[in-house]
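For reference, protein.cif is printed below; it contains mmCIF, C-alpha atoms.
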data_my_file
loop_
_atom_site.label_atom_id
_atom_site.label_comp_id
_atom_site.auth_asym_id
_atom_site.auth_seq_id
_atom_site.Cartn_x
_atom_site.Cartn_y
_atom_site.Cartn_z
CA PHE A 1 14.35 -13.12 11.56
CA ARG A 2 13.04 -16.16 13.43
CA ILE A 3 12.21 -19.56 11.95
CA GLY A 4 8.49 -20.04 12.42
CA GLY A 5 7.98 -16.33 12.99
CA SER A 6 5.46 -14.24 11.07
CA ILE A 7 5.92 -11.05 9.08
CA VAL A 8 3.40 -8.77 7.36
CA ASP A 9 4.77 -6.52 4.60
CA LEU A 10 2.51 -3.53 3.90
CA GLY A 11 2.70 -2.63 0.22
CA GLY A 12 5.38 -5.26 -0.32
CA GLY A 13 4.49 -5.88 -3.95
CA LEU A 14 6.98 -8.11 -5.76
CA ASN A 15 9.81 -7.90 -3.24
CA LEU A 16 11.98 -11.01 -3.69
CA THR A 17 13.25 -10.68 -0.12
CA ASN A 18 9.88 -12.03 0.99
CA ALA A 19 10.49 -15.19 -1.01
CA VAL A 20 13.82 -15.68 0.76
CA LEU A 21 12.22 -15.21 4.18
CA ALA A 22 9.46 -17.67 3.31
CA LYS A 23 12.00 -20.27 2.14
CA LEU A 24 13.92 -19.78 5.38
CA GLY A 25 10.85 -20.75 7.36
CA MET A 26 8.94 -17.57 8.13
CA SER A 27 5.21 -17.09 7.58
CA VAL A 28 5.26 -14.19 5.10
CA HIS A 29 2.20 -12.12 4.21
CA VAL A 30 2.08 -9.24 1.70
CA VAL A 31 -0.77 -6.73 1.81
CA ASP A 32 -0.92 -4.85 -1.51
CA LEU A 33 -3.13 -3.63 -4.36
CA LEU A 34 -1.20 -5.88 -6.75
CA ASP A 35 -2.69 -5.93 -10.28
CA SER A 36 -4.83 -2.86 -9.54
CA TYR A 37 -1.54 -0.97 -9.16
CA PHE A 38 0.62 -2.58 -11.85
CA PRO A 39 -0.87 -0.85 -14.95
CA HIS A 40 -0.15 2.60 -13.50
CA SER A 41 3.38 1.92 -12.29
CA THR A 42 6.76 1.11 -13.78
CA LEU A 43 6.51 -2.53 -12.72
CA GLN A 44 7.08 -5.21 -15.31
CA THR A 45 4.11 -6.29 -17.39
CA ASP A 46 4.47 -9.82 -16.03
CA GLY A 47 3.54 -8.71 -12.51
CA LEU A 48 0.95 -11.45 -12.03
CA ALA A 49 3.46 -14.09 -13.10
CA GLN A 50 5.84 -12.78 -10.46
CA VAL A 51 3.05 -12.94 -7.87
CA GLU A 52 2.53 -16.59 -8.79
CA PHE A 53 6.27 -17.22 -8.46
CA LEU A 54 6.34 -15.66 -4.99
CA GLU A 55 3.29 -17.66 -3.96
CA GLY A 56 5.13 -20.76 -5.08
CA GLN A 57 7.92 -19.86 -2.65
CA GLY A 58 5.45 -19.66 0.23
CA VAL A 59 4.46 -15.96 0.25
CA THR A 60 0.77 -15.27 0.96
CA PHE A 61 -0.83 -12.23 -0.72
CA HIS A 62 -3.81 -10.22 0.52
CA LYS A 63 -5.12 -7.91 -2.19
CA THR A 64 -6.53 -4.72 -0.67
CA ASP A 65 -6.15 -0.95 -0.58
CA LEU A 66 -3.87 0.03 2.28
CA THR A 67 -5.72 3.30 2.84
CA SER A 68 -8.85 1.41 3.92
CA CYS A 69 -7.21 -1.76 5.22
CA ASP A 70 -7.97 -3.14 8.68
CA LEU A 71 -5.40 -5.82 9.36
CA ARG A 72 -7.67 -7.36 11.99
CA ASP A 73 -9.74 -8.65 9.06
CA TYR A 74 -6.80 -10.82 8.00
CA PHE A 75 -4.86 -11.65 11.16
CA GLY A 76 -5.67 -12.58 14.72
CA LEU A 77 -4.99 -10.21 17.59
CA GLU A 78 -1.37 -10.40 18.77
CA SER A 79 -0.46 -13.01 16.18
CA VAL A 80 2.25 -11.26 14.11
CA ASP A 81 5.93 -10.92 15.05
CA VAL A 82 6.91 -8.19 12.57
CA VAL A 83 5.00 -5.57 10.57
CA CYS A 84 7.09 -3.73 7.99
CA SER A 85 6.68 -1.31 5.11
CA TYR A 86 9.27 -0.29 2.52
CA HIS A 87 8.60 2.83 0.46
CA ALA A 88 4.83 2.46 0.63
CA LEU A 89 3.57 5.01 3.17
CA GLU A 90 4.56 7.94 0.94
CA HIS A 91 2.18 6.69 -1.78
CA MET A 92 -0.94 6.77 0.38
CA HIS A 93 -3.57 9.36 -0.53
CA HIS A 94 -5.05 9.27 2.97
CA SER A 95 -3.68 9.04 6.49
CA PRO A 96 -2.10 5.67 7.35
CA ARG A 97 -3.51 5.97 10.88
CA PRO A 98 -6.32 3.34 10.67
CA MET A 99 -4.07 0.79 8.98
CA LEU A 100 -1.15 1.31 11.36
CA GLN A 101 -3.34 1.26 14.45
CA SER A 102 -4.77 -2.07 13.29
CA ALA A 103 -1.19 -3.22 12.69
CA LEU A 104 -0.39 -2.64 16.35
CA ASP A 105 -3.46 -4.67 17.31
CA VAL A 106 -2.28 -7.73 15.35
CA MET A 107 1.34 -7.45 16.48
CA LYS A 108 2.46 -9.60 19.37
CA SER A 109 3.50 -7.97 22.62
CA GLY A 110 7.10 -6.93 22.04
CA GLY A 111 6.66 -7.30 18.27
CA THR A 112 8.66 -5.16 15.87
CA PHE A 113 7.46 -2.40 13.56
CA PHE A 114 9.82 -1.29 10.81
CA CYS A 115 9.41 1.09 7.90
CA GLU A 116 11.52 2.82 5.27
CA VAL A 117 10.42 6.05 3.57
CA PRO A 118 12.09 8.66 1.34
CA ASN A 119 13.31 11.74 3.17
CA ALA A 120 11.35 14.84 2.15
CA VAL A 121 14.22 17.14 3.11
CA ASN A 122 17.40 15.27 2.29
CA ALA A 123 20.56 17.23 1.51
CA LEU A 124 20.13 17.19 -2.27
CA LYS A 125 16.51 18.35 -2.07
CA ARG A 126 17.50 21.23 0.21
CA VAL A 127 20.06 22.39 -2.33
CA ARG A 128 17.60 22.07 -5.21
CA VAL A 129 14.95 24.11 -3.42
CA LEU A 130 17.51 26.84 -2.68
CA LEU A 131 18.21 26.92 -6.43
CA GLY A 132 14.51 27.31 -7.17
CA GLN A 133 13.95 23.70 -8.24
CA THR A 134 11.20 21.42 -6.97
CA ASN A 135 11.53 18.76 -4.29
CA TYR A 136 8.53 16.91 -5.75
CA GLN A 137 8.80 14.12 -8.29
CA PRO A 138 9.30 15.25 -11.91
CA PHE A 139 6.33 17.19 -13.27
CA HIS A 140 6.33 15.32 -16.58
CA ASP A 141 5.69 12.06 -14.68
CA PHE A 142 2.68 13.62 -12.96
CA TRP A 143 1.43 15.25 -16.18
CA ALA A 144 1.62 12.05 -18.20
CA SER A 145 -0.06 9.82 -15.61
CA ASP A 146 -3.68 8.68 -15.92
CA VAL A 147 -3.77 7.60 -12.27
CA TRP A 148 -1.08 9.06 -10.03
CA VAL A 149 0.65 6.36 -7.99
CA GLY A 150 3.74 8.41 -7.18
CA HIS A 151 4.65 10.04 -3.88
CA ILE A 152 1.88 11.92 -2.09
CA ARG A 153 3.57 12.85 1.18
CA GLU A 154 7.19 12.07 1.97
CA TYR A 155 8.45 12.04 5.58
CA THR A 156 11.02 13.73 7.79
CA VAL A 157 12.81 12.59 10.95
CA ASP A 158 10.33 14.52 13.10
CA ASP A 159 7.42 12.94 11.22
CA LEU A 160 8.66 9.44 12.01
CA ARG A 161 9.23 10.29 15.65
CA ALA A 162 5.71 11.71 15.83
CA LEU A 163 4.35 8.56 14.16
CA SER A 164 6.13 6.35 16.69
CA ARG A 165 4.67 8.37 19.59
CA ARG A 166 1.15 8.12 18.19
CA LEU A 167 1.53 4.36 17.80
CA GLY A 168 2.93 4.04 21.31
CA LEU A 169 6.14 2.33 20.15
CA VAL A 170 9.08 1.86 22.49
CA ASP A 171 12.83 1.41 21.89
CA VAL A 172 12.45 3.65 18.85
CA VAL A 173 15.37 4.21 16.48
CA VAL A 174 15.35 6.54 13.46
CA GLN A 175 18.28 6.22 11.08
CA GLY A 176 19.24 7.62 7.71
CA ARG A 177 20.75 5.82 4.73
CA ASN A 178 21.47 6.75 1.12
CA TRP A 179 20.34 3.65 -0.75
CA TYR A 180 17.37 5.60 -2.09
CA GLY A 181 18.15 8.80 -3.99
CA THR A 182 20.83 9.99 -6.36
CA LEU A 183 23.97 10.37 -4.22
CA TYR A 184 25.90 7.62 -6.00
CA GLU A 185 24.63 8.87 -9.37
CA GLN A 186 25.55 12.51 -8.76
CA VAL A 187 29.01 11.78 -7.35
CA PRO A 188 30.92 9.76 -10.00
CA ASN A 189 33.80 8.82 -7.69
CA TYR A 190 32.57 5.85 -5.63
CA HIS A 191 35.02 6.35 -2.77
CA LEU A 192 34.10 10.03 -2.47
CA ALA A 193 30.39 9.15 -2.59
CA LYS A 194 30.95 6.54 0.14
CA ALA A 195 32.71 9.11 2.33
CA ILE A 196 29.86 11.60 1.85
CA ASP A 197 27.39 8.80 2.60
CA ARG A 198 29.05 8.09 5.95
CA MET A 199 29.08 11.77 6.89
CA LEU A 200 25.41 12.18 6.00
CA GLN A 201 24.49 9.24 8.20
CA LEU A 202 25.62 11.27 11.20
CA ARG A 203 22.64 13.52 10.43
CA PRO A 204 19.75 11.25 9.38
CA GLY A 205 17.70 14.27 8.31
CA LEU A 206 20.12 14.80 5.41
CA CYS A 207 20.01 11.22 4.07
CA GLY A 208 18.02 9.94 1.11
CA SER A 209 16.04 7.32 3.05
CA LEU A 210 14.76 7.26 6.61
CA PHE A 211 14.26 4.11 8.67
CA LEU A 212 12.04 3.78 11.72
CA ALA A 213 12.27 0.75 14.00
CA GLY A 214 10.33 0.28 17.22
CA ARG A 215 8.60 -2.33 19.34
CA LYS A 216 5.09 -2.78 20.65
CA PRO A 217 5.28 -2.50 24.45
CA GLN A 218 5.41 -5.73 26.40
CA ARG A 219 2.19 -6.60 28.16
CA SER A 220 2.28 -6.48 31.94
CA ALA A 221 1.77 -9.66 33.97
CA GLU A 222 -1.57 -8.30 35.18
CA GLU A 223 -2.82 -8.06 31.60
CA GLY A 224 -2.18 -11.74 31.02
CA ASP A 225 -1.06 -13.38 27.83
CA SER A 226 -3.52 -14.85 25.37
CA PRO A 227 -1.82 -15.18 21.98
CA VAL A 228 -4.05 -15.80 18.98
CA ALA A 229 -2.78 -17.84 16.06
CA PHE A 230 -3.41 -17.24 12.37
#
Rewrite the structure of this file - the entire thing - as structure tokens.
Amino acid sequence: FRIGGSIVDLGGGLNLTNAVLAKLGMSVHVVDLLDSYFPHSTLQTDGLAQVEFLEGQGVTFHKTDLTSCDLRDYFGLESVDVVCSYHALEHMHHSPRPMLQSALDVMKSGGTFFCEVPNAVNALKRVRVLLGQTNYQPFHDFWASDVWVGHIREYTVDDLRALSRRLGLVDVVVQGRNWYGTLYEQVPNYHLAKAIDRMLQLRPGLCGSLFLAGRKPQRSAEEGDSPVAF
């Protein structure tokens, strides 16, 4: 966080955290399908009202499909401090490559990329598959949907490391957490669940959620520095 800094949230939807960041002085931009997505999801029916509320707090929305989005159409080259995505990449029906490559173009030298995705092979899913159960989302959700907006391709630790290499990120960190998933629902004793949570974090590949953080490499002195504003 930096007062006066800029952040682009890919697929950020109605995240209230963006309102807090905007009120604290950041330039906050959300790139999302918005009302094109709401009717097919579990979001509240007053989605547009919530968009208006967030706009009133200083959040700027850019309505577009992430799978065909070129962020250079919305932001200047090397003008953004942080690009982030929380549980959005797994919903994309096509490769995120064009979008993420354009994200690197609009990020400042030394800027931060951060994403959170569900772990395709967390501990609970491994057990379920061994028992002959699916590691996909419930079939009845897929069967009943007119337009599927659920998970298309979840990620693993190796996937995120490969993604960071292809984007040329440096100072890369991949961590696991159990905020997403059913650990605290399946283990009724909170203290036991917390102990299991801490043990799982020692092996990120077993956790419910995976986090990737990395930076765009600093430009060399020979390359010069010509920042472009919004």
CA of Ser27 in chain A to CA of Gly12 in chain A, straight-line distance in Å: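 Spanning CA of Gly12 in chain A to CA of Ser27 in chain A is a straight-line distance of 14.2 Å.
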Excluding Arg126 in chain A and residues on its chain fewer than 4 positions from it, collect all residues at most 12 Å away from it, counting all atoms listed in the file, and give them as an mmCIF file with C-alpha atoms, in the coordinates of the input.
data_model
loop_
_atom_site.group_PDB
_atom_site.id
_atom_site.type_symbol
_atom_site.label_atom_id
_atom_site.label_comp_id
_atom_site.auth_asym_id
_atom_site.auth_seq_id
_atom_site.Cartn_x
_atom_site.Cartn_y
_atom_site.Cartn_z
ATOM 1 C CA ASN A 119 13.310 11.740 3.170
ATOM 2 C CA ALA A 120 11.350 14.840 2.150
ATOM 3 C CA VAL A 121 14.220 17.140 3.110
ATOM 4 C CA ASN A 122 17.400 15.270 2.290
ATOM 5 C CA LEU A 130 17.510 26.840 -2.680
ATOM 6 C CA LEU A 131 18.210 26.920 -6.430
ATOM 7 C CA GLY A 132 14.510 27.310 -7.170
ATOM 8 C CA GLN A 133 13.950 23.700 -8.240
ATOM 9 C CA THR A 134 11.200 21.420 -6.970
ATOM 10 C CA ASN A 135 11.530 18.760 -4.290
ATOM 11 C CA TYR A 136 8.530 16.910 -5.750
ATOM 12 C CA GLY A 205 17.700 14.270 8.310
ATOM 13 C CA LEU A 206 20.120 14.800 5.410
ATOM 14 C CA CYS A 207 20.010 11.220 4.070
ATOM 15 C CA GLY A 208 18.020 9.940 1.110
#
Separation of CA of Val8 in chain A from CA of Leu48 in chain A in Å: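 Those two atoms sit 19.7 Å apart.
Distance-wise, CA of Val157 in chain A and CA of Pro204 in chain A end up 7.2 Å apart.
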Hits of the PyMOL selection byres ((chain A and resi 118) around 8) in this structure, as a PyMOL selection string: chain A and resi 87+90+116-117+119-120+154-155+180+208-210
Long-range neighbours of range 159-171 of chain A as a PyMOL selection string, 10 Å cut-off, all atoms listed in the file, 5 positions minimum in chain: chain A and resi 96-97+100-101+103-104+110-113+115-117+154+210-218
Selection dump of the PyMOL selection byres ((chain A and resi 92) around 9), as an MDAnalysis selection string: chainID A and resid 66:67 88:91 93:96 149 151:153
Centre and size of axis-aligned box enclosing range 133-152 of chain A plus 4 Å each side, as JSON:
{"center_x": 5.1, "center_y": 15.0, "center_z": -10.1, "size_x": 25.7, "size_y": 25.3, "size_z": 24.1}
Residues matched by the PyMOL selection byres ((chain A and resi 26) around 12) as a PyMOL selection string: chain A and resi 1-8+17-25+27-29+57-60+80-82
Which residue of A:Asp70, A:Asp141, A:Asp105, A:Asp197 approaches Arg177 in chain A most closely, using all atoms listed in the file: A:Asp197
Top pick for closest residue to Arg198 in chain A, considering A:Asp73, A:Glu185, A:Gly176, A:Ala49 and counting only C-alpha atoms: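 Distance minimum relative to Arg198 in chain A lands on A:Gly176.
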Residue among A:Asp158, A:Asp146, A:Glu78, A:Asp65 lying closest to Ser36 in chain A, counting all atoms listed in the file: A:Asp65
